[in-house]
>>> print(open('structure_35.pdb').read())   # PDB, C-alpha atoms, pLDDT in the B column
ATOM      1  CA  MET C1142       0.000   0.000   0.000  1.00 55.00           C
ATOM      2  CA  VAL C1143       1.105   3.523  -0.700  1.00 57.00           C
ATOM      3  CA  TYR C1144      -0.577   6.519   0.869  1.00 59.00           C
ATOM      4  CA  ASN C1145       0.134  10.039  -0.385  1.00 58.00           C
ATOM      5  CA  TRP C1146      -1.093  13.092   1.433  1.00 62.00           C
ATOM      6  CA  ILE C1147      -0.402  16.756   1.863  1.00 62.00           C
ATOM      7  CA  GLY C1148      -1.306  18.869   4.833  1.00 67.00           C
ATOM      8  CA  LYS C1149      -0.266  21.563   7.249  1.00 71.00           C
ATOM      9  CA  TYR C1150       0.114  22.038  10.939  1.00 72.00           C
ATOM     10  CA  GLY C1151      -2.041  24.727  12.459  1.00 76.00           C
ATOM     11  CA  ASP C1152      -5.202  26.405  11.297  1.00 81.00           C
ATOM     12  CA  ASP C1153      -4.128  27.704   7.867  1.00 82.00           C
ATOM     13  CA  ALA C1154      -5.969  26.237   4.891  1.00 83.00           C
ATOM     14  CA  LEU C1155      -4.062  24.794   1.939  1.00 81.00           C
ATOM     15  CA  SER C1156      -3.006  27.371  -0.640  1.00 83.00           C
ATOM     16  CA  ASP C1157      -4.142  27.110  -4.259  1.00 82.00           C
ATOM     17  CA  SER C1158      -0.762  25.688  -5.302  1.00 80.00           C
ATOM     18  CA  GLU C1159      -0.875  23.110  -2.480  1.00 77.00           C
ATOM     19  CA  ARG C1160      -4.381  22.083  -3.540  1.00 72.00           C
ATOM     20  CA  GLU C1161      -3.153  21.722  -7.113  1.00 71.00           C
ATOM     21  CA  ILE C1162      -0.368  19.401  -5.951  1.00 69.00           C
ATOM     22  CA  LEU C1163      -2.891  17.358  -3.979  1.00 66.00           C
ATOM     23  CA  GLU C1164      -5.231  17.004  -6.948  1.00 60.00           C
ATOM     24  CA  TRP C1165      -2.328  15.988  -9.190  1.00 59.00           C
ATOM     25  CA  SER C1166      -1.186  13.357  -6.717  1.00 56.00           C
ATOM     26  CA  ARG C1167      -4.717  11.940  -6.510  1.00 52.00           C
ATOM     27  CA  GLY C1168      -4.803  11.579 -10.276  1.00 46.00           C
ATOM     28  CA  ARG C1169      -1.453   9.783 -10.325  1.00 46.00           C
ATOM     29  CA  ALA C1170      -1.858   7.720  -7.174  1.00 45.00           C
ATOM     30  CA  PRO C1171      -2.791   4.029  -7.530  1.00 41.00           C
ATOM     31  CA  GLY C1172      -6.329   4.702  -6.336  1.00 53.00           C
ATOM     32  CA  GLU C1173      -7.954   2.565  -8.996  1.00 71.00           C
ATOM     33  CA  VAL C1174      -9.110  -0.539  -7.153  1.00 73.00           C
ATOM     34  CA  ASP C1175     -11.708  -3.224  -7.706  1.00 75.00           C
ATOM     35  CA  ALA C1176     -14.451  -4.320  -5.294  1.00 75.00           C
ATOM     36  CA  ARG C1177     -11.919  -6.467  -3.417  1.00 79.00           C
ATOM     37  CA  HIS C1178      -9.605  -3.441  -3.042  1.00 73.00           C
ATOM     38  CA  ARG C1179      -7.111  -4.931  -5.475  1.00 79.00           C
ATOM     39  CA  LYS C1180      -5.336  -2.512  -7.772  1.00 80.00           C
ATOM     40  CA  LEU C1181      -6.651  -2.570 -11.322  1.00 83.00           C
ATOM     41  CA  ARG C1182      -3.069  -2.072 -12.503  1.00 85.00           C
ATOM     42  CA  ASN C1183      -1.529  -5.372 -11.393  1.00 87.00           C
ATOM     43  CA  ARG C1184       0.623  -8.270 -12.576  1.00 89.00           C
ATOM     44  CA  ASP C1185      -2.346 -10.155 -14.076  1.00 91.00           C
ATOM     45  CA  VAL C1186      -2.966  -7.354 -16.578  1.00 92.00           C
ATOM     46  CA  ASP C1187       0.699  -6.357 -17.015  1.00 91.00           C
ATOM     47  CA  TRP C1188       0.026  -3.159 -15.001  1.00 89.00           C
ATOM     48  CA  LEU C1189      -2.016  -1.879 -17.984  1.00 91.00           C
ATOM     49  CA  ILE C1190       1.141  -1.006 -19.883  1.00 94.00           C
ATOM     50  CA  ASP C1191       0.350   1.204 -22.858  1.00 95.00           C
ATOM     51  CA  ARG C1192       2.854   0.090 -25.506  1.00 96.00           C
ATOM     52  CA  ALA C1193       2.188   3.140 -27.713  1.00 96.00           C
ATOM     53  CA  VAL C1194       2.999   5.437 -24.781  1.00 93.00           C
ATOM     54  CA  GLN C1195       6.026   3.276 -24.006  1.00 94.00           C
ATOM     55  CA  ARG C1196       7.318   3.678 -27.576  1.00 95.00           C
ATOM     56  CA  SER C1197       6.829   7.416 -27.796  1.00 95.00           C
ATOM     57  CA  GLU C1198       6.454   9.058 -24.369  1.00 92.00           C
ATOM     58  CA  THR C1199       7.703   7.179 -21.305  1.00 88.00           C
ATOM     59  CA  TYR C1200      10.141   4.355 -20.739  1.00 89.00           C
ATOM     60  CA  SER C1201       7.699   2.172 -18.810  1.00 91.00           C
ATOM     61  CA  GLY C1202       4.375   2.914 -20.487  1.00 92.00           C
ATOM     62  CA  ILE C1203       2.768   2.595 -17.040  1.00 90.00           C
ATOM     63  CA  ASP C1204       0.815   5.594 -15.764  1.00 84.00           C
ATOM     64  CA  GLY C1205       1.818   6.900 -12.340  1.00 80.00           C
ATOM     65  CA  ILE C1206       5.090   6.679 -10.461  1.00 78.00           C
ATOM     66  CA  ASN C1207       3.648   4.470  -7.715  1.00 78.00           C
ATOM     67  CA  ASN C1208       2.276   2.084 -10.343  1.00 83.00           C
ATOM     68  CA  GLN C1209       5.704   1.949 -12.003  1.00 87.00           C
ATOM     69  CA  ASP C1210       7.316   1.178  -8.633  1.00 86.00           C
ATOM     70  CA  HIS C1211       4.785  -1.576  -7.977  1.00 85.00           C
ATOM     71  CA  ALA C1212       5.447  -3.133 -11.377  1.00 89.00           C
ATOM     72  CA  VAL C1213       9.193  -3.221 -10.770  1.00 88.00           C
ATOM     73  CA  GLN C1214       8.829  -4.627  -7.257  1.00 86.00           C
ATOM     74  CA  GLU C1215       6.131  -7.173  -8.071  1.00 86.00           C
ATOM     75  CA  SER C1216       7.812  -8.464 -11.227  1.00 85.00           C
ATOM     76  CA  MET C1217      11.161  -9.172  -9.574  1.00 82.00           C
ATOM     77  CA  GLY C1218      10.217 -12.709  -8.645  1.00 78.00           C
ATOM     78  CA  PRO C1219      11.406 -14.663  -5.614  1.00 79.00           C
ATOM     79  CA  ILE C1220      14.198 -13.584  -3.292  1.00 79.00           C
ATOM     80  CA  VAL C1221      17.502 -14.695  -4.756  1.00 78.00           C
ATOM     81  CA  ASP C1222      20.902 -15.619  -3.374  1.00 83.00           C
ATOM     82  CA  ARG C1223      22.586 -12.207  -3.415  1.00 82.00           C
ATOM     83  CA  SER C1224      26.009 -13.768  -2.787  1.00 83.00           C
ATOM     84  CA  LYS C1225      26.100 -14.675  -6.486  1.00 84.00           C
ATOM     85  CA  GLU C1226      25.343 -11.213  -7.866  1.00 87.00           C
ATOM     86  CA  ASN C1227      27.975  -9.003  -9.450  1.00 90.00           C
ATOM     87  CA  LEU C1228      27.533  -5.411  -8.321  1.00 91.00           C
ATOM     88  CA  GLY C1229      29.236  -2.616 -10.213  1.00 91.00           C
ATOM     89  CA  THR C1230      30.228   0.987  -9.631  1.00 90.00           C
ATOM     90  CA  THR C1231      26.657   2.204 -10.134  1.00 92.00           C
ATOM     91  CA  ASP C1232      25.602   0.004  -7.202  1.00 92.00           C
ATOM     92  CA  ALA C1233      27.751   1.881  -4.651  1.00 93.00           C
ATOM     93  CA  ALA C1234      24.726   2.894  -2.556  1.00 92.00           C
ATOM     94  CA  VAL C1235      23.432  -0.696  -2.457  1.00 91.00           C
ATOM     95  CA  ILE C1236      26.865  -1.955  -1.430  1.00 92.00           C
ATOM     96  CA  ALA C1237      27.293   0.675   1.303  1.00 93.00           C
ATOM     97  CA  THR C1238      23.788   0.092   2.699  1.00 90.00           C
ATOM     98  CA  ARG C1239      24.253  -3.668   2.876  1.00 90.00           C
ATOM     99  CA  ARG C1240      27.631  -3.298   4.600  1.00 91.00           C
ATOM    100  CA  ILE C1241      26.177  -0.928   7.208  1.00 89.00           C
ATOM    101  CA  LEU C1242      23.178  -3.177   7.885  1.00 87.00           C
ATOM    102  CA  LEU C1243      25.273  -6.332   8.163  1.00 89.00           C
ATOM    103  CA  ALA C1244      27.786  -4.634  10.482  1.00 89.00           C
ATOM    104  CA  ARG C1245      24.985  -3.321  12.721  1.00 86.00           C
ATOM    105  CA  LEU C1246      23.402  -6.760  12.939  1.00 85.00           C
ATOM    106  CA  LYS C1247      26.735  -8.466  13.569  1.00 87.00           C
ATOM    107  CA  HIS C1248      27.702  -6.096  16.386  1.00 87.00           C
ATOM    108  CA  ALA C1249      24.306  -5.817  18.128  1.00 84.00           C
ATOM    109  CA  PRO C1250      24.596  -7.156  21.670  1.00 86.00           C
ATOM    110  CA  PRO C1251      22.873 -10.543  22.131  1.00 86.00           C
ATOM    111  CA  GLY C1252      19.241 -10.103  23.080  1.00 85.00           C
ATOM    112  CA  GLU C1253      19.173  -6.406  22.147  1.00 83.00           C
ATOM    113  CA  ASP C1254      17.589  -4.802  19.121  1.00 80.00           C
ATOM    114  CA  PRO C1255      19.984  -3.364  16.555  1.00 79.00           C
ATOM    115  CA  PRO C1256      19.992   0.424  16.032  1.00 74.00           C
ATOM    116  CA  GLY C1257      17.100   1.836  14.041  1.00 71.00           C
ATOM    117  CA  VAL C1258      14.215  -0.271  15.309  1.00 74.00           C
ATOM    118  CA  ALA C1259      13.404   1.572  18.548  1.00 71.00           C
ATOM    119  CA  PRO C1260       9.914   3.116  18.782  1.00 72.00           C
ATOM    120  CA  THR C1261      11.544   6.540  19.225  1.00 70.00           C
ATOM    121  CA  TYR C1262      12.105   6.588  15.464  1.00 64.00           C
ATOM    122  CA  TYR C1263       8.353   6.458  14.795  1.00 66.00           C
ATOM    123  CA  ARG C1264       7.974  10.186  15.432  1.00 67.00           C
ATOM    124  CA  ILE C1265      10.666  11.288  12.982  1.00 67.00           C
ATOM    125  CA  ARG C1266       9.266  13.346  10.134  1.00 67.00           C
ATOM    126  CA  ALA C1267      10.675  15.174   7.151  1.00 70.00           C
ATOM    127  CA  VAL C1268      10.897  18.943   7.308  1.00 70.00           C
ATOM    128  CA  GLU C1269      11.869  21.054   4.321  1.00 72.00           C
ATOM    129  CA  ARG C1270      12.381  24.817   4.278  1.00 77.00           C
ATOM    130  CA  VAL C1271      14.808  27.369   2.854  1.00 81.00           C
ATOM    131  CA  VAL C1272      16.615  29.550   5.394  1.00 84.00           C
ATOM    132  CA  GLU C1273      18.754  32.643   4.922  1.00 86.00           C
ATOM    133  CA  GLY C1274      22.504  32.224   4.622  1.00 88.00           C
ATOM    134  CA  GLY C1275      24.359  32.361   7.936  1.00 92.00           C
ATOM    135  CA  VAL C1276      21.290  31.238   9.908  1.00 90.00           C
ATOM    136  CA  ASP C1277      21.565  28.135  12.095  1.00 91.00           C
ATOM    137  CA  TRP C1278      18.919  25.907  10.524  1.00 86.00           C
ATOM    138  CA  ARG C1279      18.568  23.806  13.695  1.00 85.00           C
ATOM    139  CA  THR C1280      17.492  26.860  15.689  1.00 88.00           C
ATOM    140  CA  GLU C1281      15.433  28.424  12.899  1.00 87.00           C
ATOM    141  CA  LEU C1282      13.426  25.266  12.162  1.00 83.00           C
ATOM    142  CA  ARG C1283      13.231  23.785  15.653  1.00 81.00           C
ATOM    143  CA  HIS C1284       9.551  24.772  15.969  1.00 80.00           C
ATOM    144  CA  LEU C1285       8.788  22.525  12.986  1.00 77.00           C
ATOM    145  CA  TYR C1286      10.409  19.345  14.221  1.00 68.00           C
ATOM    146  CA  ASP C1287       9.969  19.651  17.996  1.00 60.00           C
ATOM    147  CA  ARG C1288       6.268  19.136  18.540  1.00 58.00           C
ATOM    148  CA  PRO C1289       4.644  18.722  21.959  1.00 54.00           C
ATOM    149  CA  GLY C1290       4.357  15.034  22.753  1.00 53.00           C
ATOM    150  CA  ASP C1291       7.111  14.005  20.344  1.00 47.00           C
ATOM    151  CA  GLY C1292       9.490  13.202  23.154  1.00 46.00           C
ATOM    152  CA  ALA C1293      12.081  15.470  21.539  1.00 45.00           C
ATOM    153  CA  GLU C1294      14.491  17.325  23.767  1.00 44.00           C
ATOM    154  CA  ALA C1295      13.642  20.955  24.482  1.00 39.00           C
TER     155      ALA C1295
END
>>> encode(input="structure_35.pdb", output="structure tokens")
Amino acid sequence: MVYNWIGKYGDDALSDSEREILEWSRGRAPGEVDARHRKLRNRDVDWLIDRAVQRSETYSGIDGINNQDHAVQESMGPIVDRSKENLGTTDAAVIATRRILLARLKHAPPGEDPPGVAPTYYRIRAVERVVEGGVDWRTELRHLYDRPGDGAEA
């Protein structure tokens, strides 16, 4: 499942541009489902690939980024033995991530959870703003990421 939403803290209503973004995301989101809540764009119907669009407009021919992601993920097949794969220079991020995860698991004390699974991470949220040069962004944006009840330090 993928859920997309847009909203604001406080009492201000969405601006016209924010509403436009929301409407666009609704039109591109995989909201087309059948009576059983199964996506209409699925493996059984080849994610409704439009071959004409694929030839002339987009690489995938599948409408909507989430639908494209689902097609890639669902068509991969079973989990494979990764020890036999040959990663290259373009896979640097995959290599680094796997090394970090394996090291964290290897060095986690017996009976303790490895870093990153504590419930304290559940309240982390993305914050994006532009601040003036020379301004300490941590101080300037603190009101956005320290919310009452978050458990964040004051």
>>> closest_residue(input="structure_35.pdb", among="C:Asn1227, C:Leu1181, C:Pro1255, C:Val1271", to="C:Leu1243", atoms="only C-alpha atoms")
C:Pro1255
>>> resolve_selection(input="structure_35.pdb", expression="the PyMOL selection byres ((chain C and resi 1270) around 12)", output="PyMOL selection string")
chain C and resi 1267-1269+1271-1273+1278-1279+1281-1283+1285-1286
>>> write_last_selection(input="structure_35.pdb", atoms="C-alpha atoms", output="short mmCIF file (atom, residue, chain, number, x, y, z; two decimals), in the coordinates of the input")
data_model
loop_
_atom_site.label_atom_id
_atom_site.label_comp_id
_atom_site.auth_asym_id
_atom_site.auth_seq_id
_atom_site.Cartn_x
_atom_site.Cartn_y
_atom_site.Cartn_z
CA ALA C 1267 10.68 15.17 7.15
CA VAL C 1268 10.90 18.94 7.31
CA GLU C 1269 11.87 21.05 4.32
CA VAL C 1271 14.81 27.37 2.85
CA VAL C 1272 16.61 29.55 5.39
CA GLU C 1273 18.75 32.64 4.92
CA TRP C 1278 18.92 25.91 10.52
CA ARG C 1279 18.57 23.81 13.70
CA GLU C 1281 15.43 28.42 12.90
CA LEU C 1282 13.43 25.27 12.16
CA ARG C 1283 13.23 23.78 15.65
CA LEU C 1285 8.79 22.52 12.99
CA TYR C 1286 10.41 19.34 14.22
#
>>> atom_distance(input="structure_35.pdb", atom1="atom CA of C:Val1235", atom2="atom CA of C:Arg1223")
11.6 Å
>>> atom_distance(input="structure_35.pdb", atom1="atom CA of C:Pro1251", atom2="atom CA of C:Thr1238")
22.2 Å
>>> atom_distance(input="structure_35.pdb", atom1="atom CA of C:Arg1196", atom2="atom CA of C:Arg1182")
19.2 Å
>>> closest_residue(input="structure_35.pdb", among="C:Ile1220, C:Glu1173, C:Ala1193, C:Val1258", to="C:Gly1205", atoms="all atoms listed in the file")
C:Glu1173
>>> resolve_selection(input="structure_35.pdb", expression="the PyMOL selection byres ((chain C and resi 1188) around 12)", output="PDB file with C-alpha atoms, keeping the file's coordinate frame")
ATOM      1  CA  PRO C1171      -2.791   4.029  -7.530  1.00 41.00           C
ATOM      2  CA  GLU C1173      -7.954   2.565  -8.996  1.00 71.00           C
ATOM      3  CA  LYS C1180      -5.336  -2.512  -7.772  1.00 80.00           C
ATOM      4  CA  LEU C1181      -6.651  -2.570 -11.322  1.00 83.00           C
ATOM      5  CA  ARG C1182      -3.069  -2.072 -12.503  1.00 85.00           C
ATOM      6  CA  ASN C1183      -1.529  -5.372 -11.393  1.00 87.00           C
ATOM      7  CA  ARG C1184       0.623  -8.270 -12.576  1.00 89.00           C
ATOM      8  CA  ASP C1185      -2.346 -10.155 -14.076  1.00 91.00           C
ATOM      9  CA  VAL C1186      -2.966  -7.354 -16.578  1.00 92.00           C
ATOM     10  CA  ASP C1187       0.699  -6.357 -17.015  1.00 91.00           C
ATOM     11  CA  LEU C1189      -2.016  -1.879 -17.984  1.00 91.00           C
ATOM     12  CA  ILE C1190       1.141  -1.006 -19.883  1.00 94.00           C
ATOM     13  CA  ASP C1191       0.350   1.204 -22.858  1.00 95.00           C
ATOM     14  CA  ARG C1192       2.854   0.090 -25.506  1.00 96.00           C
ATOM     15  CA  SER C1201       7.699   2.172 -18.810  1.00 91.00           C
ATOM     16  CA  GLY C1202       4.375   2.914 -20.487  1.00 92.00           C
ATOM     17  CA  ILE C1203       2.768   2.595 -17.040  1.00 90.00           C
ATOM     18  CA  ASP C1204       0.815   5.594 -15.764  1.00 84.00           C
ATOM     19  CA  GLY C1205       1.818   6.900 -12.340  1.00 80.00           C
ATOM     20  CA  ILE C1206       5.090   6.679 -10.461  1.00 78.00           C
ATOM     21  CA  ASN C1207       3.648   4.470  -7.715  1.00 78.00           C
ATOM     22  CA  ASN C1208       2.276   2.084 -10.343  1.00 83.00           C
ATOM     23  CA  GLN C1209       5.704   1.949 -12.003  1.00 87.00           C
ATOM     24  CA  ASP C1210       7.316   1.178  -8.633  1.00 86.00           C
ATOM     25  CA  HIS C1211       4.785  -1.576  -7.977  1.00 85.00           C
ATOM     26  CA  ALA C1212       5.447  -3.133 -11.377  1.00 89.00           C
ATOM     27  CA  VAL C1213       9.193  -3.221 -10.770  1.00 88.00           C
ATOM     28  CA  GLN C1214       8.829  -4.627  -7.257  1.00 86.00           C
ATOM     29  CA  GLU C1215       6.131  -7.173  -8.071  1.00 86.00           C
ATOM     30  CA  SER C1216       7.812  -8.464 -11.227  1.00 85.00           C
TER      31      SER C1216
END
>>> residues_around(input="structure_35.pdb", residues="C:Arg1245", least_positions_apart="6", cutoff="10 Å", atoms="all atoms listed in the file", output="JSON, numbers by chain")
{"C": [1239, 1254, 1255, 1256, 1257]}
>>> decode(input="structure_35.pdb", residues="stretch 1177-1205 of chain C", atoms="N, CA, C and O atoms", output="compact mmCIF listing (two decimals), in the first residue's frame")
# COMPACT_ATOMS: atom_id res chain seq x y z
N ARG C 1177 -12.69 -5.78 -4.46
CA ARG C 1177 -11.92 -6.47 -3.42
C ARG C 1177 -10.74 -5.63 -2.95
O ARG C 1177 -9.86 -6.12 -2.26
N HIS C 1178 -10.69 -4.37 -3.38
CA HIS C 1178 -9.60 -3.44 -3.04
C HIS C 1178 -8.27 -3.86 -3.64
O HIS C 1178 -7.22 -3.55 -3.12
N ARG C 1179 -8.32 -4.57 -4.75
CA ARG C 1179 -7.11 -4.93 -5.48
C ARG C 1179 -6.89 -3.90 -6.58
O ARG C 1179 -7.83 -3.49 -7.25
N LYS C 1180 -5.64 -3.49 -6.74
CA LYS C 1180 -5.34 -2.51 -7.77
C LYS C 1180 -5.74 -3.04 -9.15
O LYS C 1180 -5.52 -4.21 -9.46
N LEU C 1181 -6.32 -2.18 -9.95
CA LEU C 1181 -6.65 -2.57 -11.32
C LEU C 1181 -5.38 -2.73 -12.15
O LEU C 1181 -5.33 -3.54 -13.07
N ARG C 1182 -4.37 -1.94 -11.84
CA ARG C 1182 -3.07 -2.07 -12.50
C ARG C 1182 -2.26 -3.07 -11.68
O ARG C 1182 -1.70 -2.72 -10.64
N ASN C 1183 -2.21 -4.32 -12.15
CA ASN C 1183 -1.53 -5.37 -11.39
C ASN C 1183 -0.84 -6.34 -12.35
O ASN C 1183 -0.94 -6.20 -13.57
N ARG C 1184 -0.16 -7.30 -11.79
CA ARG C 1184 0.62 -8.27 -12.58
C ARG C 1184 -0.25 -9.02 -13.59
O ARG C 1184 0.18 -9.27 -14.72
N ASP C 1185 -1.47 -9.37 -13.20
CA ASP C 1185 -2.35 -10.16 -14.08
C ASP C 1185 -2.65 -9.45 -15.40
O ASP C 1185 -2.91 -10.10 -16.40
N VAL C 1186 -2.66 -8.12 -15.37
CA VAL C 1186 -2.97 -7.35 -16.58
C VAL C 1186 -1.75 -6.54 -17.04
O VAL C 1186 -1.88 -5.53 -17.73
N ASP C 1187 -0.56 -7.00 -16.62
CA ASP C 1187 0.70 -6.36 -17.02
C ASP C 1187 0.69 -4.86 -16.69
O ASP C 1187 1.19 -4.04 -17.45
N TRP C 1188 0.10 -4.53 -15.53
CA TRP C 1188 0.03 -3.16 -15.00
C TRP C 1188 -0.56 -2.17 -16.01
O TRP C 1188 -0.31 -0.99 -15.96
N LEU C 1189 -1.37 -2.69 -16.94
CA LEU C 1189 -2.02 -1.88 -17.98
C LEU C 1189 -1.00 -1.04 -18.77
O LEU C 1189 -1.22 0.12 -19.08
N ILE C 1190 0.11 -1.69 -19.09
CA ILE C 1190 1.14 -1.01 -19.88
C ILE C 1190 0.54 -0.57 -21.22
O ILE C 1190 -0.12 -1.34 -21.90
N ASP C 1191 0.77 0.66 -21.57
CA ASP C 1191 0.35 1.20 -22.86
C ASP C 1191 1.59 1.20 -23.76
O ASP C 1191 2.47 2.04 -23.61
N ARG C 1192 1.65 0.25 -24.67
CA ARG C 1192 2.85 0.09 -25.51
C ARG C 1192 3.08 1.29 -26.42
O ARG C 1192 4.23 1.64 -26.70
N ALA C 1193 2.02 1.94 -26.87
CA ALA C 1193 2.19 3.14 -27.71
C ALA C 1193 2.84 4.25 -26.90
O ALA C 1193 3.75 4.93 -27.37
N VAL C 1194 2.39 4.44 -25.67
CA VAL C 1194 3.00 5.44 -24.78
C VAL C 1194 4.44 5.04 -24.48
O VAL C 1194 5.34 5.89 -24.46
N GLN C 1195 4.67 3.75 -24.29
CA GLN C 1195 6.03 3.28 -24.01
C GLN C 1195 6.97 3.56 -25.17
O GLN C 1195 8.12 3.93 -24.98
N ARG C 1196 6.48 3.42 -26.40
CA ARG C 1196 7.32 3.68 -27.58
C ARG C 1196 7.62 5.15 -27.77
O ARG C 1196 8.70 5.52 -28.22
N SER C 1197 6.66 6.02 -27.41
CA SER C 1197 6.83 7.42 -27.80
C SER C 1197 6.91 8.43 -26.66
O SER C 1197 7.32 9.56 -26.90
N GLU C 1198 6.52 8.05 -25.43
CA GLU C 1198 6.45 9.06 -24.37
C GLU C 1198 7.23 8.72 -23.11
O GLU C 1198 8.01 9.53 -22.63
N THR C 1199 7.01 7.54 -22.54
CA THR C 1199 7.70 7.18 -21.31
C THR C 1199 8.37 5.82 -21.46
O THR C 1199 7.94 4.99 -22.26
N TYR C 1200 9.39 5.61 -20.66
CA TYR C 1200 10.14 4.35 -20.74
C TYR C 1200 9.28 3.16 -20.35
O TYR C 1200 9.33 2.11 -20.98
N SER C 1201 8.45 3.32 -19.31
CA SER C 1201 7.70 2.17 -18.81
C SER C 1201 6.37 1.96 -19.50
O SER C 1201 5.91 0.82 -19.60
N GLY C 1202 5.71 3.04 -19.93
CA GLY C 1202 4.38 2.91 -20.49
C GLY C 1202 3.31 2.68 -19.43
O GLY C 1202 2.16 2.41 -19.75
N ILE C 1203 3.70 2.79 -18.15
CA ILE C 1203 2.77 2.59 -17.04
C ILE C 1203 2.47 3.96 -16.44
O ILE C 1203 3.39 4.70 -16.08
N ASP C 1204 1.21 4.30 -16.30
CA ASP C 1204 0.82 5.59 -15.76
C ASP C 1204 1.01 5.63 -14.26
O ASP C 1204 0.56 4.74 -13.55
N GLY C 1205 1.67 6.68 -13.78
CA GLY C 1205 1.82 6.90 -12.34
C GLY C 1205 3.09 6.31 -11.78
O GLY C 1205 3.41 5.14 -12.02
